[in-house]
2 protein chains.
Amino acid sequence: MITIRPAVAEDRSRIWDLLEPVFRAGDTYAVDPRISRDDAIGYWLDAPRATYVAETPDGIVGTYYIKTNQPGGGDHVCNCGYIVDPAARGQGIAQAMCAHSQDQARGFGYRAMQFNFVLSSNAGAVRLWQRLGFAIVGTIPAAFRHPALGLVDAHVMHKTL
Amino acid sequence: MITIRPAVAEDRSRIWDLLEPVFRAGDTYAVDPRISRDDAIGYWLDAPRATYVAETPDGIVGTYYIKTNQPGGGDHVCNCGYIVDPAARGQGIAQAMCAHSQDQARGFGYRAMQFNFVLSSNAGAVRLWQRLGFAIVGTIPAAFRHPALGLVDAHVMHKTL
């Protein structure tokens with residue numbers, strides 16, 4: 001029921017619909033909550049190596065990007081970001097996208113995947129990534145000013161592919 | 001004997017002299033070893049919040065930048081990069097620049113300083129940062145392909161200011 005495919009130009013408006021509330025809330029991604037539509041689209045669709053959307057019969061319900069995490073001698077490690085429509089939670093969309101991203105990453109020749117900034121307050125995400133084989137390899141204290149919780153830690157999570 | 005001051009346009013050529021061998025060697029910074037002069041100058045001088053040079057009677061012997069490490073809710077944490085002329089090693093230049101950068105960072109309102117990618121093979125740097133109060137808060141396995149040593153780990157180091 002979940003199809004994941006590369007994003008195309010026609011998906012931009014729907015992708016922005018998914019990004020905007022997440023970035024404006026400022027409680028999960030280290031992105032300026034006032035980011036413009038153009039900058040957000042650039043961040044999610046233009047800068048990365050590839051961007052995908054997850055579709056169900058309800059339409060596009062999720063999106064993720066994959067990019068090189070560090071240039072030069074670090075460019076065998078990729079980074080991904082995932083966003084799921086809140087209305088589609090509990091259907092395994094994030095898990096499906098993460099599994100898909102690992103396959104794509106291997107195809108691109110990456111040897112590991114790293115999440116640089118998983119907020120400790122985002123406990124559901126931390127648990128999901130752990131279940132999918134990612135380890136917490138670092139914790140940055142008080143790394144993020146959560147709008148409701150104040151200063152929260154951020155985890156660095158890593159999986160060898 | 002060490003004076004640290006903001007970099008000015010006239011310093012660009014000398015700063016490139018310091019950056020080029022470090023970036024070309026590809027054994028400490030996660031930078032494409034083939035980076036162009038313009039891109040290197042952009043990375044070191046234009047993108048950061050501020051860039052400084054360290055001078056002795058011998059001239060400019062070191063340089064560092066300070067920038068915001070993450071936007072949005074993470075923008076109270078800064079990042080710095082330092083380079084010392086190999087001919088000026090052992091004079092405390094890196095230590096002086098790091099102390100100076102912490103003062104500048106506090107002045108800019110940053111509440112912590114983070115180094116995202118300190119190679120475990122760069123043992124002198126790891127020891128120096130630890131001596132200056134930075135803690136290893138994470139270690140990314142096999143994060144960097146060192147040209148002589150193969151895959152080496154990278155540490156995330158952090159200090160509350």
# chains A, B, ... in the order shown; residues from 1 in each chain; ligands from 1

$ residues_around --residues "A:Ser120" --least-positions-apart "6" --cutoff "10 Å" --atoms "only C-alpha atoms" --output "list in words"
Thr28, Val126, Thr139, Ile140, Pro141, Ala142, Ala143, Phe144, Val152, Asp153, Ala154 and His155 of chain A

$ write_last_selection --atoms "all heavy atoms" --output "compact mmCIF listing (two decimals), in the first residue's frame"
# COMPACT_ATOMS: atom_id res chain seq x y z
N THR A 28 11.51 19.83 16.00
CA THR A 28 12.20 18.58 15.64
C THR A 28 13.43 18.81 14.78
O THR A 28 14.46 18.20 15.01
CB THR A 28 11.27 17.60 14.89
OG1 THR A 28 10.60 18.31 13.84
CG2 THR A 28 10.25 16.97 15.82
N VAL A 126 13.65 8.21 18.09
CA VAL A 126 14.83 7.53 18.62
C VAL A 126 14.58 6.03 18.70
O VAL A 126 15.41 5.22 18.27
CB VAL A 126 15.21 8.10 20.02
CG1 VAL A 126 16.35 7.29 20.63
CG2 VAL A 126 15.59 9.58 19.91
N THR A 139 25.83 12.05 22.19
CA THR A 139 24.72 12.86 22.71
C THR A 139 25.26 14.24 23.04
O THR A 139 26.16 14.38 23.87
CB THR A 139 24.09 12.21 23.95
OG1 THR A 139 23.58 10.91 23.59
CG2 THR A 139 22.96 13.06 24.50
N ILE A 140 24.72 15.23 22.37
CA ILE A 140 25.17 16.61 22.56
C ILE A 140 24.25 17.25 23.60
O ILE A 140 23.05 17.36 23.38
CB ILE A 140 25.12 17.39 21.23
CG1 ILE A 140 25.92 16.65 20.16
CG2 ILE A 140 25.62 18.81 21.43
CD1 ILE A 140 25.38 16.87 18.77
N PRO A 141 24.82 17.66 24.74
CA PRO A 141 23.97 18.15 25.81
C PRO A 141 23.37 19.52 25.46
O PRO A 141 24.05 20.38 24.89
CB PRO A 141 24.92 18.26 27.01
CG PRO A 141 26.28 18.40 26.40
CD PRO A 141 26.25 17.64 25.10
N ALA A 142 22.11 19.69 25.79
CA ALA A 142 21.44 21.00 25.66
C ALA A 142 21.64 21.60 24.27
O ALA A 142 21.84 22.79 24.11
CB ALA A 142 21.96 21.96 26.73
N ALA A 143 21.53 20.75 23.25
CA ALA A 143 21.86 21.17 21.89
C ALA A 143 20.74 21.94 21.21
O ALA A 143 20.98 22.60 20.19
CB ALA A 143 22.19 19.93 21.05
N PHE A 144 19.54 21.87 21.74
CA PHE A 144 18.38 22.41 21.02
C PHE A 144 17.43 23.09 22.00
O PHE A 144 17.15 22.54 23.07
CB PHE A 144 17.66 21.25 20.30
CG PHE A 144 16.59 21.68 19.32
CD1 PHE A 144 16.92 22.09 18.04
CD2 PHE A 144 15.24 21.67 19.69
CE1 PHE A 144 15.92 22.47 17.13
CE2 PHE A 144 14.25 22.06 18.79
CZ PHE A 144 14.60 22.46 17.51
N VAL A 152 17.00 20.70 25.20
CA VAL A 152 16.99 19.23 25.14
C VAL A 152 18.27 18.76 24.46
O VAL A 152 18.90 19.49 23.69
CB VAL A 152 15.76 18.67 24.39
CG1 VAL A 152 14.47 19.07 25.13
CG2 VAL A 152 15.71 19.15 22.95
N ASP A 153 18.65 17.52 24.73
CA ASP A 153 19.84 16.92 24.12
C ASP A 153 19.55 16.50 22.68
O ASP A 153 18.38 16.30 22.30
CB ASP A 153 20.28 15.70 24.91
CG ASP A 153 20.70 16.02 26.33
OD1 ASP A 153 20.90 17.23 26.64
OD2 ASP A 153 20.83 15.08 27.14
N ALA A 154 20.61 16.35 21.92
CA ALA A 154 20.47 15.80 20.56
C ALA A 154 21.41 14.60 20.44
O ALA A 154 22.56 14.64 20.88
CB ALA A 154 20.83 16.85 19.51
N HIS A 155 20.88 13.54 19.85
CA HIS A 155 21.69 12.33 19.62
C HIS A 155 22.27 12.33 18.22
O HIS A 155 21.63 12.77 17.26
CB HIS A 155 20.83 11.07 19.78
CG HIS A 155 20.20 10.91 21.12
ND1 HIS A 155 20.93 10.92 22.29
CD2 HIS A 155 18.90 10.73 21.50
CE1 HIS A 155 20.11 10.74 23.32
NE2 HIS A 155 18.88 10.63 22.86

$ interface_residues --of "chain A" --to "chain B" --cutoff "10 Å" --atoms "only C-alpha atoms" --output "PyMOL selection string"
chain A and resi 23+26-35+69-77+111-112+114+116-117+136-147+150-152+154-160

$ residues_around --residues "B:Asp11" --least-positions-apart "4" --cutoff "12 Å" --atoms "only C-alpha atoms" --output "PyMOL selection string"
chain B and resi 5-7+15-18+41+44-45+51-55+59-63

$ write_last_selection --atoms "all heavy atoms" --output "compact mmCIF listing (two decimals), in the first residue's frame"
# COMPACT_ATOMS: atom_id res chain seq x y z
N ARG B 5 43.44 38.87 15.60
CA ARG B 5 42.57 39.97 15.14
C ARG B 5 41.68 39.45 14.01
O ARG B 5 41.97 38.43 13.39
CB ARG B 5 43.44 41.13 14.63
CG ARG B 5 44.32 40.75 13.46
CD ARG B 5 44.86 41.95 12.71
NE ARG B 5 45.79 41.54 11.65
CZ ARG B 5 45.42 41.09 10.45
NH1 ARG B 5 44.13 40.98 10.14
NH2 ARG B 5 46.32 40.74 9.55
N PRO B 6 40.56 40.15 13.76
CA PRO B 6 39.69 39.75 12.65
C PRO B 6 40.45 39.76 11.32
O PRO B 6 41.28 40.65 11.08
CB PRO B 6 38.59 40.82 12.65
CG PRO B 6 38.57 41.34 14.05
CD PRO B 6 40.00 41.29 14.51
N ALA B 7 40.16 38.79 10.49
CA ALA B 7 40.76 38.75 9.15
C ALA B 7 40.17 39.87 8.30
O ALA B 7 38.99 40.20 8.42
CB ALA B 7 40.48 37.40 8.50
N ILE B 15 45.91 33.53 4.02
CA ILE B 15 45.04 32.49 4.59
C ILE B 15 44.97 31.29 3.65
O ILE B 15 45.05 30.14 4.08
CB ILE B 15 43.64 33.07 4.90
CG1 ILE B 15 43.73 34.02 6.09
CG2 ILE B 15 42.62 31.95 5.16
CD1 ILE B 15 42.44 34.77 6.41
N TRP B 16 44.86 31.56 2.36
CA TRP B 16 44.86 30.44 1.40
C TRP B 16 46.16 29.65 1.47
O TRP B 16 46.16 28.43 1.37
CB TRP B 16 44.59 30.97 -0.02
CG TRP B 16 44.78 29.94 -1.10
CD1 TRP B 16 45.65 30.02 -2.15
CD2 TRP B 16 44.08 28.70 -1.25
NE1 TRP B 16 45.54 28.90 -2.94
CE2 TRP B 16 44.59 28.07 -2.41
CE3 TRP B 16 43.09 28.06 -0.51
CZ2 TRP B 16 44.13 26.82 -2.85
CZ3 TRP B 16 42.64 26.81 -0.94
CH2 TRP B 16 43.16 26.22 -2.10
N ASP B 17 47.28 30.35 1.68
CA ASP B 17 48.56 29.65 1.85
C ASP B 17 48.50 28.67 3.03
O ASP B 17 49.13 27.60 2.99
CB ASP B 17 49.70 30.65 2.14
CG ASP B 17 50.08 31.48 0.94
OD1 ASP B 17 49.71 31.09 -0.20
OD2 ASP B 17 50.73 32.52 1.12
N LEU B 18 47.75 29.05 4.07
CA LEU B 18 47.63 28.16 5.23
C LEU B 18 46.64 27.03 4.97
O LEU B 18 46.86 25.89 5.38
CB LEU B 18 47.17 28.96 6.46
CG LEU B 18 48.15 30.01 6.99
CD1 LEU B 18 47.50 30.86 8.08
CD2 LEU B 18 49.41 29.35 7.53
N ILE B 41 38.15 29.72 0.23
CA ILE B 41 38.03 31.05 0.84
C ILE B 41 36.58 31.28 1.29
O ILE B 41 36.32 31.84 2.36
CB ILE B 41 38.48 32.12 -0.18
CG1 ILE B 41 39.99 32.01 -0.43
CG2 ILE B 41 38.08 33.52 0.27
CD1 ILE B 41 40.86 32.55 0.68
N TRP B 44 35.96 29.29 4.47
CA TRP B 44 36.69 29.75 5.66
C TRP B 44 36.36 31.19 6.04
O TRP B 44 36.36 31.53 7.22
CB TRP B 44 38.19 29.61 5.42
CG TRP B 44 38.99 29.55 6.69
CD1 TRP B 44 39.61 30.60 7.32
CD2 TRP B 44 39.25 28.39 7.49
NE1 TRP B 44 40.22 30.17 8.46
CE2 TRP B 44 40.03 28.81 8.58
CE3 TRP B 44 38.90 27.05 7.38
CZ2 TRP B 44 40.46 27.93 9.57
CZ3 TRP B 44 39.33 26.17 8.36
CH2 TRP B 44 40.10 26.61 9.44
N LEU B 45 36.11 32.02 5.04
CA LEU B 45 35.99 33.46 5.29
C LEU B 45 34.60 34.03 5.08
O LEU B 45 34.22 35.00 5.75
CB LEU B 45 36.96 34.24 4.39
CG LEU B 45 38.41 34.27 4.90
CD1 LEU B 45 39.37 34.25 3.75
CD2 LEU B 45 38.64 35.52 5.76
N THR B 51 35.98 35.42 11.06
CA THR B 51 37.24 34.72 10.83
C THR B 51 38.37 35.59 11.37
O THR B 51 38.33 36.82 11.25
CB THR B 51 37.45 34.45 9.32
OG1 THR B 51 36.33 33.71 8.83
CG2 THR B 51 38.73 33.66 9.08
N TYR B 52 39.35 34.95 11.98
CA TYR B 52 40.45 35.66 12.63
C TYR B 52 41.78 35.13 12.13
O TYR B 52 41.87 34.02 11.60
CB TYR B 52 40.36 35.47 14.16
CG TYR B 52 39.07 35.98 14.73
CD1 TYR B 52 37.92 35.18 14.73
CD2 TYR B 52 38.97 37.28 15.25
CE1 TYR B 52 36.72 35.66 15.23
CE2 TYR B 52 37.76 37.75 15.75
CZ TYR B 52 36.65 36.95 15.74
OH TYR B 52 35.46 37.41 16.23
N VAL B 53 42.82 35.93 12.34
CA VAL B 53 44.18 35.47 12.08
C VAL B 53 45.00 35.70 13.33
O VAL B 53 44.75 36.62 14.11
CB VAL B 53 44.83 36.20 10.88
CG1 VAL B 53 44.13 35.81 9.58
CG2 VAL B 53 44.83 37.71 11.06
N ALA B 54 45.99 34.81 13.52
CA ALA B 54 46.94 34.92 14.62
C ALA B 54 48.28 35.36 14.04
O ALA B 54 48.78 34.75 13.09
CB ALA B 54 47.09 33.58 15.34
N GLU B 55 48.81 36.42 14.59
CA GLU B 55 50.07 36.97 14.10
C GLU B 55 51.16 36.90 15.17
O GLU B 55 50.88 37.12 16.36
CB GLU B 55 49.90 38.44 13.70
CG GLU B 55 49.14 38.62 12.39
CD GLU B 55 49.06 40.09 11.99
OE1 GLU B 55 48.58 40.91 12.78
OE2 GLU B 55 49.48 40.40 10.85
N GLY B 59 54.71 37.08 11.19
CA GLY B 59 53.58 37.26 10.29
C GLY B 59 52.40 36.42 10.73
O GLY B 59 52.33 35.99 11.89
N ILE B 60 51.48 36.18 9.81
CA ILE B 60 50.28 35.39 10.11
C ILE B 60 50.67 33.92 10.17
O ILE B 60 51.16 33.36 9.18
CB ILE B 60 49.18 35.64 9.06
CG1 ILE B 60 48.66 37.08 9.17
CG2 ILE B 60 48.04 34.64 9.23
CD1 ILE B 60 47.66 37.47 8.10
N VAL B 61 50.43 33.31 11.31
CA VAL B 61 50.83 31.91 11.51
C VAL B 61 49.65 30.99 11.81
O VAL B 61 49.83 29.79 12.01
CB VAL B 61 51.87 31.79 12.64
CG1 VAL B 61 53.17 32.49 12.24
CG2 VAL B 61 51.32 32.38 13.94
N GLY B 62 48.45 31.57 11.86
CA GLY B 62 47.28 30.74 12.12
C GLY B 62 46.02 31.49 11.77
O GLY B 62 46.02 32.72 11.59
N THR B 63 44.93 30.73 11.64
CA THR B 63 43.63 31.34 11.34
C THR B 63 42.54 30.45 11.89
O THR B 63 42.72 29.22 12.03
CB THR B 63 43.47 31.54 9.81
OG1 THR B 63 42.17 32.10 9.55
CG2 THR B 63 43.60 30.23 9.04

$ atom_distance --atom1 "atom CA of A:Gln91" --atom2 "atom CA of A:Trp129"
15.8 Å

$ residues_around --residues "B:Ala94" --least-positions-apart "5" --cutoff "9 Å" --atoms "only C-alpha atoms" --output "PyMOL selection string"
chain B and resi 62-63+82-84+89+99+125+128

$ write_last_selection --atoms "C-alpha atoms" --output "PDB file, in the first residue's frame"
ATOM      1  CA  GLY B  62      47.280  30.744  12.122  1.00  0.00           C
ATOM      2  CA  THR B  63      43.632  31.337  11.338  1.00  0.00           C
ATOM      3  CA  TYR B  82      41.577  26.210  13.372  1.00  0.00           C
ATOM      4  CA  ILE B  83      44.689  25.940  11.234  1.00  0.00           C
ATOM      5  CA  VAL B  84      48.263  26.627  12.341  1.00  0.00           C
ATOM      6  CA  ARG B  89      53.888  24.607  15.802  1.00  0.00           C
ATOM      7  CA  ALA B  99      40.890  30.563  24.047  1.00  0.00           C
ATOM      8  CA  ALA B 125      44.217  18.020  18.637  1.00  0.00           C
ATOM      9  CA  LEU B 128      44.595  19.833  23.299  1.00  0.00           C
TER      10      LEU B 128
END

$ select_by_dssp --residues "stretch 80-144 of chain A" --states "alpha helix (DSSP H)" --output "ChimeraX atom specification"
/A:93-108,123-131
